[in-house]
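Chemist: Sharing start39.cif, mmCIF, C-alpha atoms and all ligand atoms:
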data_protein
#
loop_
_atom_site.label_atom_id
_atom_site.label_comp_id
_atom_site.auth_asym_id
_atom_site.auth_seq_id
_atom_site.Cartn_x
_atom_site.Cartn_y
_atom_site.Cartn_z
CA MET A 1 17.94 -41.33 115.80
CA ILE A 2 20.89 -41.82 113.43
CA PHE A 3 18.52 -43.46 110.95
CA ALA A 4 16.14 -40.47 111.14
CA ARG A 5 19.00 -38.03 110.52
CA HIS A 6 20.17 -40.13 107.55
CA LYS A 7 16.64 -40.13 106.15
CA THR A 8 16.42 -36.31 106.41
CA ARG A 9 19.78 -35.92 104.70
CA SER A 10 18.88 -38.27 101.81
CA ARG A 11 15.66 -36.34 101.29
CA MET A 12 17.81 -33.22 100.97
CA ALA A 13 20.28 -34.95 98.63
CA TYR A 14 21.69 -32.84 95.84
CA LYS A 15 19.30 -32.62 92.91
CA PRO A 16 20.29 -30.57 89.87
CA ALA A 17 16.67 -29.56 89.30
CA GLY A 18 16.38 -26.67 86.90
CA ALA A 19 20.10 -26.72 86.25
CA SER A 20 20.00 -29.33 83.53
CA PRO A 21 20.26 -28.01 79.98
CA VAL A 22 17.48 -30.49 79.15
CA GLN A 23 15.08 -28.61 81.40
CA ARG A 24 16.70 -25.21 80.86
CA ALA A 25 16.29 -25.10 77.10
CA SER A 26 14.81 -28.23 75.59
CA MET A 27 14.54 -26.67 72.13
CA ARG A 28 18.23 -25.78 72.14
CA TYR A 29 19.05 -29.18 73.52
CA SER A 30 17.19 -30.91 70.66
CA LEU A 31 19.20 -28.89 68.15
CA ARG A 32 22.40 -29.85 69.96
CA ARG A 33 21.59 -33.53 69.48
CA TRP A 34 20.59 -32.91 65.86
CA SER A 35 24.03 -31.39 65.27
CA VAL A 36 25.73 -34.54 66.57
CA GLU A 37 23.51 -36.73 64.41
CA HIS A 38 24.44 -34.63 61.37
CA ALA A 39 28.11 -34.21 62.26
CA ARG A 40 29.33 -35.27 58.79
CA PHE A 41 27.11 -32.73 57.06
CA LEU A 42 28.14 -29.96 59.47
CA GLU A 43 31.80 -30.88 59.03
CA LYS A 44 31.45 -30.27 55.28
CA ILE A 45 29.64 -26.97 55.84
CA TYR A 46 32.24 -25.81 58.34
CA THR A 47 35.11 -26.73 55.99
CA LEU A 48 33.56 -24.58 53.25
CA PHE A 49 32.85 -21.76 55.68
CA ALA A 50 36.38 -21.81 57.14
CA ASP A 51 37.85 -21.74 53.62
CA MET A 52 35.64 -18.77 52.78
CA LEU A 53 36.81 -16.92 55.92
CA LEU A 54 40.40 -17.67 54.95
CA ALA A 55 39.85 -16.45 51.36
CA LEU A 56 38.65 -13.17 52.89
CA HIS A 57 41.71 -12.82 55.11
CA TRP A 58 42.83 -9.85 52.99
CA LEU A 59 39.51 -8.11 53.82
CA TRP A 60 39.73 -8.84 57.56
CA SER A 61 43.30 -7.51 57.51
CA LEU A 62 42.20 -4.39 55.65
CA ILE A 63 39.34 -3.69 58.09
CA GLY A 64 41.41 -4.87 61.01
CA TYR A 65 40.82 -8.13 62.89
CA ARG A 66 40.07 -6.13 66.03
CA ARG A 67 37.33 -4.10 64.36
CA ILE A 68 35.68 -7.12 62.80
CA GLU A 69 35.74 -9.04 66.12
CA ARG A 70 32.46 -7.62 67.48
CA PRO A 71 30.18 -8.36 64.52
CA MET A 72 31.81 -11.77 64.05
CA LEU A 73 31.38 -12.51 67.73
CA PHE A 74 27.69 -11.63 67.48
CA LEU A 75 27.24 -14.05 64.56
CA GLU A 76 29.28 -16.81 66.14
CA ARG A 77 27.54 -16.55 69.52
CA ASN A 78 24.08 -16.76 67.98
CA ILE A 79 24.72 -19.43 65.36
CA LYS A 80 26.82 -21.71 67.55
CA GLY A 81 24.71 -20.98 70.59
CA LEU A 82 21.68 -22.26 68.74
CA MET A 83 23.31 -25.24 67.06
CA PHE A 84 25.72 -26.45 69.74
CA ASP A 85 24.82 -24.67 72.99
CA CYS A 86 28.21 -22.98 72.58
CA ARG A 87 29.70 -21.41 75.74
CA MET A 88 32.06 -19.16 73.75
CA CYS A 89 35.29 -20.58 75.11
CA GLY A 90 37.06 -18.97 72.14
CA GLN A 91 39.08 -22.08 71.28
CA CYS A 92 36.66 -24.26 69.42
CA ILE A 93 37.30 -27.98 69.06
CA LEU A 94 33.87 -29.01 67.72
CA SER A 95 35.44 -30.49 64.59
CA GLN A 96 37.44 -32.83 66.85
CA THR A 97 34.61 -33.73 69.18
CA GLY A 98 31.93 -34.99 66.82
CA MET A 99 30.17 -31.59 66.92
CA SER A 100 29.42 -32.07 70.62
CA CYS A 101 30.65 -29.06 72.60
CA PRO A 102 32.86 -30.26 75.48
CA MET A 103 32.10 -27.08 77.43
CA ASN A 104 28.61 -28.47 78.06
CA CYS A 105 30.18 -31.13 80.25
CA PRO A 106 29.43 -30.00 83.84
CA LYS A 107 33.13 -30.57 84.57
CA ALA A 108 34.18 -28.88 81.28
CA LEU A 109 36.37 -31.88 80.43
CA ARG A 110 38.08 -31.51 77.05
CA ASN A 111 39.89 -34.84 76.92
CA GLY A 112 37.24 -37.49 77.16
CA PRO A 113 34.72 -38.44 79.82
CA CYS A 114 35.31 -38.76 83.54
CA GLY A 115 34.88 -42.11 85.26
CA GLY A 116 31.31 -41.35 86.25
CA VAL A 117 29.39 -41.97 83.03
CA ARG A 118 26.24 -43.92 83.92
CA ALA A 119 25.45 -47.35 82.50
CA GLY A 120 23.08 -45.89 79.91
CA GLY A 121 25.69 -43.32 78.81
CA ASN A 122 24.22 -40.41 80.79
CA CYS A 123 26.12 -37.82 82.82
CA GLU A 124 26.68 -38.54 86.51
CA ILE A 125 25.85 -34.95 87.49
CA GLU A 126 23.05 -34.05 85.09
CA THR A 127 21.48 -37.47 85.07
CA ASP A 128 18.90 -36.74 82.38
CA MET A 129 21.60 -35.62 79.92
CA PRO A 130 23.66 -37.99 77.78
CA CYS A 131 27.35 -37.49 78.53
CA VAL A 132 28.74 -34.96 76.04
CA TRP A 133 31.62 -37.37 75.41
CA THR A 134 29.40 -40.35 74.53
CA GLU A 135 27.72 -37.92 72.14
CA ALA A 136 31.11 -36.75 70.86
CA TRP A 137 32.14 -40.33 70.11
CA ARG A 138 28.86 -40.93 68.28
CA GLY A 139 29.33 -37.80 66.14
CA ALA A 140 33.02 -38.47 65.46
CA GLN A 141 32.21 -41.91 63.99
CA GLN A 142 30.44 -40.20 61.11
CA MET A 143 33.06 -37.57 60.40
CA GLN A 144 35.84 -37.77 57.86
CA GLY A 145 38.27 -36.32 60.38
CA GLY A 146 36.70 -38.32 63.20
CA ASP A 147 40.03 -39.76 64.38
CA SER A 148 41.02 -36.31 65.61
CA ILE A 149 38.87 -37.03 68.67
CA LEU A 150 41.95 -38.95 69.90
CA ALA A 151 44.13 -35.80 69.88
CA VAL A 152 45.11 -34.50 73.31
CA GLN A 153 43.62 -31.04 73.91
CA LYS A 154 45.41 -28.22 75.68
CA PRO A 155 43.90 -26.83 78.88
CA VAL A 156 41.32 -24.08 78.30
CA ASP A 157 42.82 -20.61 78.15
CA GLN A 158 40.28 -18.56 80.10
CA SER A 159 41.64 -15.31 78.67
CA LEU A 160 40.17 -16.32 75.29
CA LYS A 161 36.63 -16.66 76.63
CA ASN A 162 34.08 -14.57 74.69
CA THR A 163 36.37 -14.01 71.75
CA SER A 164 35.78 -15.26 68.21
CA ALA A 165 37.20 -18.73 67.60
CA TRP A 166 36.35 -18.35 63.91
CA LEU A 167 38.55 -15.29 63.53
CA ARG A 168 41.36 -16.79 65.58
CA ALA A 169 41.37 -19.97 63.46
CA THR A 170 41.36 -17.86 60.28
CA ALA A 171 44.28 -15.71 61.42
CA GLN A 172 46.22 -18.83 62.48
CA ARG A 173 45.64 -20.55 59.13
CA ALA A 174 46.66 -17.40 57.24
CA ALA A 175 49.86 -17.15 59.31
CA GLN A 176 50.65 -20.85 58.67
CA ASN A 177 50.10 -20.36 54.91
CA ALA A 178 52.39 -17.32 54.96
CA VAL A 179 55.11 -19.34 56.69
CA LYS A 180 54.73 -22.16 54.13
CA ALA A 181 54.88 -19.69 51.23
CA GLY A 182 58.00 -18.11 52.80
CA ILE A 183 59.70 -21.51 53.07
CA LYS A 184 58.93 -22.36 49.42
CA ALA A 185 60.09 -18.96 48.13
S1 LIG B 1 34.33 -25.71 72.03
FE1 LIG B 1 34.19 -23.56 72.75
S2 LIG B 1 33.82 -22.28 70.91
FE2 LIG B 1 33.40 -24.48 70.36
S3 LIG B 1 31.21 -24.74 70.64
FE3 LIG B 1 32.19 -25.31 72.59
S4 LIG B 1 32.26 -23.43 73.87
FE4 LIG B 1 31.79 -22.86 71.74
#
Show how you would write the structure in this file as structure tokens.
Modeler:
Amino acid sequence: MIFARHKTRSRMAYKPAGASPVQRASMRYSLRRWSVEHARFLEKIYTLFADMLLALHWLWSLIGYRRIERPMLFLERNIKGLMFDCRMCGQCILSQTGMSCPMNCPKALRNGPCGGVRAGGNCEIETDMPCVWTEAWRGAQQMQGGDSILAVQKPVDQSLKNTSAWLRATAQRAAQNAVKAGIKA
């Protein structure tokens, strides 16, 4: 009797069918893995792009960061959504995680993997998906700033969700430059 009940329960065991990003969007998932494989190349592109955004800080200030937020958000959501399966957390750390988005971890861990990574390097929850942190390590090995994967990340600030990380990083860099210029003057 107990055995029969156990058998029924194991047949009903949790199965993340249809929930896995691999099944949900295989095309997007392939691009996500491509991005990790080309992390060094994307790091260079992002550095150029971030510098360009910073050079245009005067323009964003003139238009107003608030006004430019919507079109920038549209661009960021679509480009990063396609390339990294971005979840728009608004506080991007891709350049520190080998171009593997930590928000794709089912537990949303931002400081390395949990203890449940499977022997082959797959996720313990979405078993057909490589752990985003084994991917992150792989990507970081190729990157010039790959050691930054060791930096301790702050907890996610949920109030920043669905805001532009690109604009925030630009405004922060501009403010840091202004402080430096003020100190030198
Ligand atoms: S860390 Fe955040 S902003 Fe960056 S790709 Fe992942 S969800 Fe998007």
Chemist: So that all listed atoms of stretch 84-89 of chain A fit with 4 Å spare on each side, what axis-aligned box centre and edge lengths in Å, to one decimal, would you give as JSON?
Modeler:
{"center_x": 30.1, "center_y": -22.8, "center_z": 72.7, "size_x": 18.5, "size_y": 15.3, "size_z": 14.0}
Chemist: For atom CA of A:Glu126 and atom CA of A:Pro106, quote the distance in Å rounded to one decimal.
Modeler: 7.7 Å
Chemist: Of the candidates A:Gly115, A:Gly64, A:Pro155, A:Gly145, which shows the shortest atom-to-atom distance to ligand LIG 1 (chain B), using all atoms listed in the file?
Modeler: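 Distance minimum relative to ligand LIG 1 (chain B) lands on A:Pro155.
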Chemist: Between atom CA of A:Lys180 and atom CA of A:Leu54, what is the distance, to one decimal in Å?
Modeler: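 Between atom CA of A:Lys180 and atom CA of A:Leu54 the gap works out to 15.0 Å.
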Chemist: How many Å separate atom CA of A:Thr97 from atom CA of A:Tyr46?
Modeler: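 These atoms are spaced 13.6 Å apart.
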Chemist: Write out, as a tab-separated table, each residue of chain A that has an atom at most 8 Å from ligand LIG 1 (chain B), together with the closest pair of atoms and their distance in Å to one decimal, counting all atoms listed in the file, rows going by chain and rising number.
Modeler:
residue	atom	partner	partner_atom	distance
A:Arg77	CA	B:LIG1	FE4	7.9
A:Lys80	CA	B:LIG1	S3	6.2
A:Gly81	CA	B:LIG1	FE4	7.4
A:Phe84	CA	B:LIG1	S3	5.8
A:Asp85	CA	B:LIG1	S3	6.8
A:Cys86	CA	B:LIG1	FE4	3.7
A:Arg87	CA	B:LIG1	S4	3.8
A:Met88	CA	B:LIG1	FE4	4.2
A:Cys89	CA	B:LIG1	FE1	4.0
A:Gly90	CA	B:LIG1	S2	4.8
A:Gln91	CA	B:LIG1	S2	5.3
A:Cys92	CA	B:LIG1	FE2	3.4
A:Ile93	CA	B:LIG1	S1	4.8
A:Leu94	CA	B:LIG1	FE2	5.3
A:Met99	CA	B:LIG1	S3	7.9
A:Ser100	CA	B:LIG1	S3	7.5
A:Cys101	CA	B:LIG1	FE3	4.1
A:Pro102	CA	B:LIG1	FE3	5.8
A:Met103	CA	B:LIG1	S4	5.1
A:Asn104	CA	B:LIG1	FE3	7.3
A:Ser164	CA	B:LIG1	S2	7.8
A:Ala165	CA	B:LIG1	S2	5.9
Chemist: Given all atoms listed in the file as the basis, pick out the residue of A:Val117, A:Trp166, A:Glu37, A:Lys44 nearest to A:His57.
Modeler: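 Using all atoms listed in the file, A:His57 sits closest to A:Trp166.
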Chemist: Using only C-alpha atoms, can you tell me which of A:Gln176, A:Leu167, A:Leu150, A:Asn78 comes closest to A:Phe49?
Modeler: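 Nearest candidate to A:Phe49 out of A:Gln176, A:Leu167, A:Leu150, A:Asn78: A:Leu167.
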Chemist: Out of A:Gln153, A:Asn111, A:Ser61, A:Ser95, which residue has the shortest atom-to-atom distance to A:Leu42 when counting all atoms listed in the file?
Modeler: A:Ser95
Chemist: Closest to A:Thr47 among A:Ala136, A:Val152, A:Met143, A:Asn162, using all atoms listed in the file?
Modeler: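 Among the listed residues, the smallest separation from A:Thr47 belongs to A:Met143.
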Chemist: Considering all atoms listed in the file, can you say which of A:Glu43, A:Gln96, A:Pro113, A:Arg70 comes closest to A:Gly146?
Modeler: A:Gln96
Chemist: A:Trp137: which residues within 8 Å, counting all atoms listed in the file, same-chain residues fewer than 4 positions away excluded, as a list in words?
Modeler: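 Surrounding residues, per the criterion: Thr97, Gly98, Trp133, Gln141 and Ile149 of chain A.
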Chemist: Give me stretch 90-110 of chain A from this structure - N, CA and C atoms, as an mmCIF file, in the first residue's frame.
Modeler:
data_model
loop_
_atom_site.group_PDB
_atom_site.id
_atom_site.type_symbol
_atom_site.label_atom_id
_atom_site.label_comp_id
_atom_site.auth_asym_id
_atom_site.auth_seq_id
_atom_site.Cartn_x
_atom_site.Cartn_y
_atom_site.Cartn_z
ATOM 1 N N GLY A 90 17.885 45.801 -14.624
ATOM 2 C CA GLY A 90 18.229 47.217 -14.483
ATOM 3 C C GLY A 90 19.581 47.470 -13.833
ATOM 4 N N GLN A 91 20.266 46.413 -13.440
ATOM 5 C CA GLN A 91 21.592 46.570 -12.820
ATOM 6 C C GLN A 91 22.513 45.492 -13.399
ATOM 7 N N CYS A 92 22.889 45.755 -14.637
ATOM 8 C CA CYS A 92 23.556 44.727 -15.431
ATOM 9 C C CYS A 92 24.961 44.403 -14.939
ATOM 10 N N ILE A 93 25.241 43.095 -14.849
ATOM 11 C CA ILE A 93 26.596 42.676 -14.457
ATOM 12 C C ILE A 93 27.168 41.694 -15.485
ATOM 13 N N LEU A 94 26.637 41.753 -16.712
ATOM 14 C CA LEU A 94 27.104 40.831 -17.762
ATOM 15 C C LEU A 94 28.616 40.875 -17.944
ATOM 16 N N SER A 95 29.201 42.085 -17.847
ATOM 17 C CA SER A 95 30.641 42.191 -18.087
ATOM 18 C C SER A 95 31.443 41.565 -16.946
ATOM 19 N N GLN A 96 30.766 41.197 -15.862
ATOM 20 C CA GLN A 96 31.457 40.514 -14.758
ATOM 21 C C GLN A 96 31.071 39.047 -14.670
ATOM 22 N N THR A 97 30.184 38.636 -15.545
ATOM 23 C CA THR A 97 29.722 37.241 -15.468
ATOM 24 C C THR A 97 29.870 36.543 -16.829
ATOM 25 N N GLY A 98 30.970 36.842 -17.497
ATOM 26 C CA GLY A 98 31.270 36.134 -18.744
ATOM 27 C C GLY A 98 30.177 36.213 -19.787
ATOM 28 N N MET A 99 29.381 37.286 -19.747
ATOM 29 C CA MET A 99 28.275 37.503 -20.691
ATOM 30 C C MET A 99 27.148 36.474 -20.520
ATOM 31 N N SER A 100 27.107 35.846 -19.347
ATOM 32 C CA SER A 100 26.012 34.928 -19.038
ATOM 33 C C SER A 100 25.134 35.620 -17.998
ATOM 34 N N CYS A 101 23.884 35.890 -18.353
ATOM 35 C CA CYS A 101 23.018 36.665 -17.450
ATOM 36 C C CYS A 101 22.629 35.852 -16.213
ATOM 37 N N PRO A 102 23.005 36.324 -15.023
ATOM 38 C CA PRO A 102 22.701 35.563 -13.799
ATOM 39 C C PRO A 102 21.208 35.490 -13.496
ATOM 40 N N MET A 103 20.407 36.402 -14.119
ATOM 41 C CA MET A 103 18.984 36.386 -13.836
ATOM 42 C C MET A 103 18.289 35.217 -14.545
ATOM 43 N N ASN A 104 19.024 34.494 -15.371
ATOM 44 C CA ASN A 104 18.463 33.280 -15.974
ATOM 45 C C ASN A 104 18.631 32.068 -15.068
ATOM 46 N N CYS A 105 19.345 32.249 -13.979
ATOM 47 C CA CYS A 105 19.423 31.181 -12.972
ATOM 48 C C CYS A 105 18.034 31.091 -12.347
ATOM 49 N N PRO A 106 17.435 29.890 -12.248
ATOM 50 C CA PRO A 106 16.091 29.780 -11.665
ATOM 51 C C PRO A 106 16.012 30.331 -10.239
ATOM 52 N N LYS A 107 17.179 30.394 -9.568
ATOM 53 C CA LYS A 107 17.183 30.966 -8.216
ATOM 54 C C LYS A 107 17.671 32.412 -8.230
ATOM 55 N N ALA A 108 17.955 32.941 -9.444
ATOM 56 C CA ALA A 108 18.435 34.323 -9.614
ATOM 57 C C ALA A 108 19.656 34.614 -8.740
ATOM 58 N N LEU A 109 20.568 33.641 -8.656
ATOM 59 C CA LEU A 109 21.769 33.837 -7.834
ATOM 60 C C LEU A 109 22.759 34.732 -8.571
ATOM 61 N N ARG A 110 23.271 35.731 -7.883
ATOM 62 C CA ARG A 110 24.202 36.670 -8.526
ATOM 63 C C ARG A 110 25.616 36.550 -7.984
#
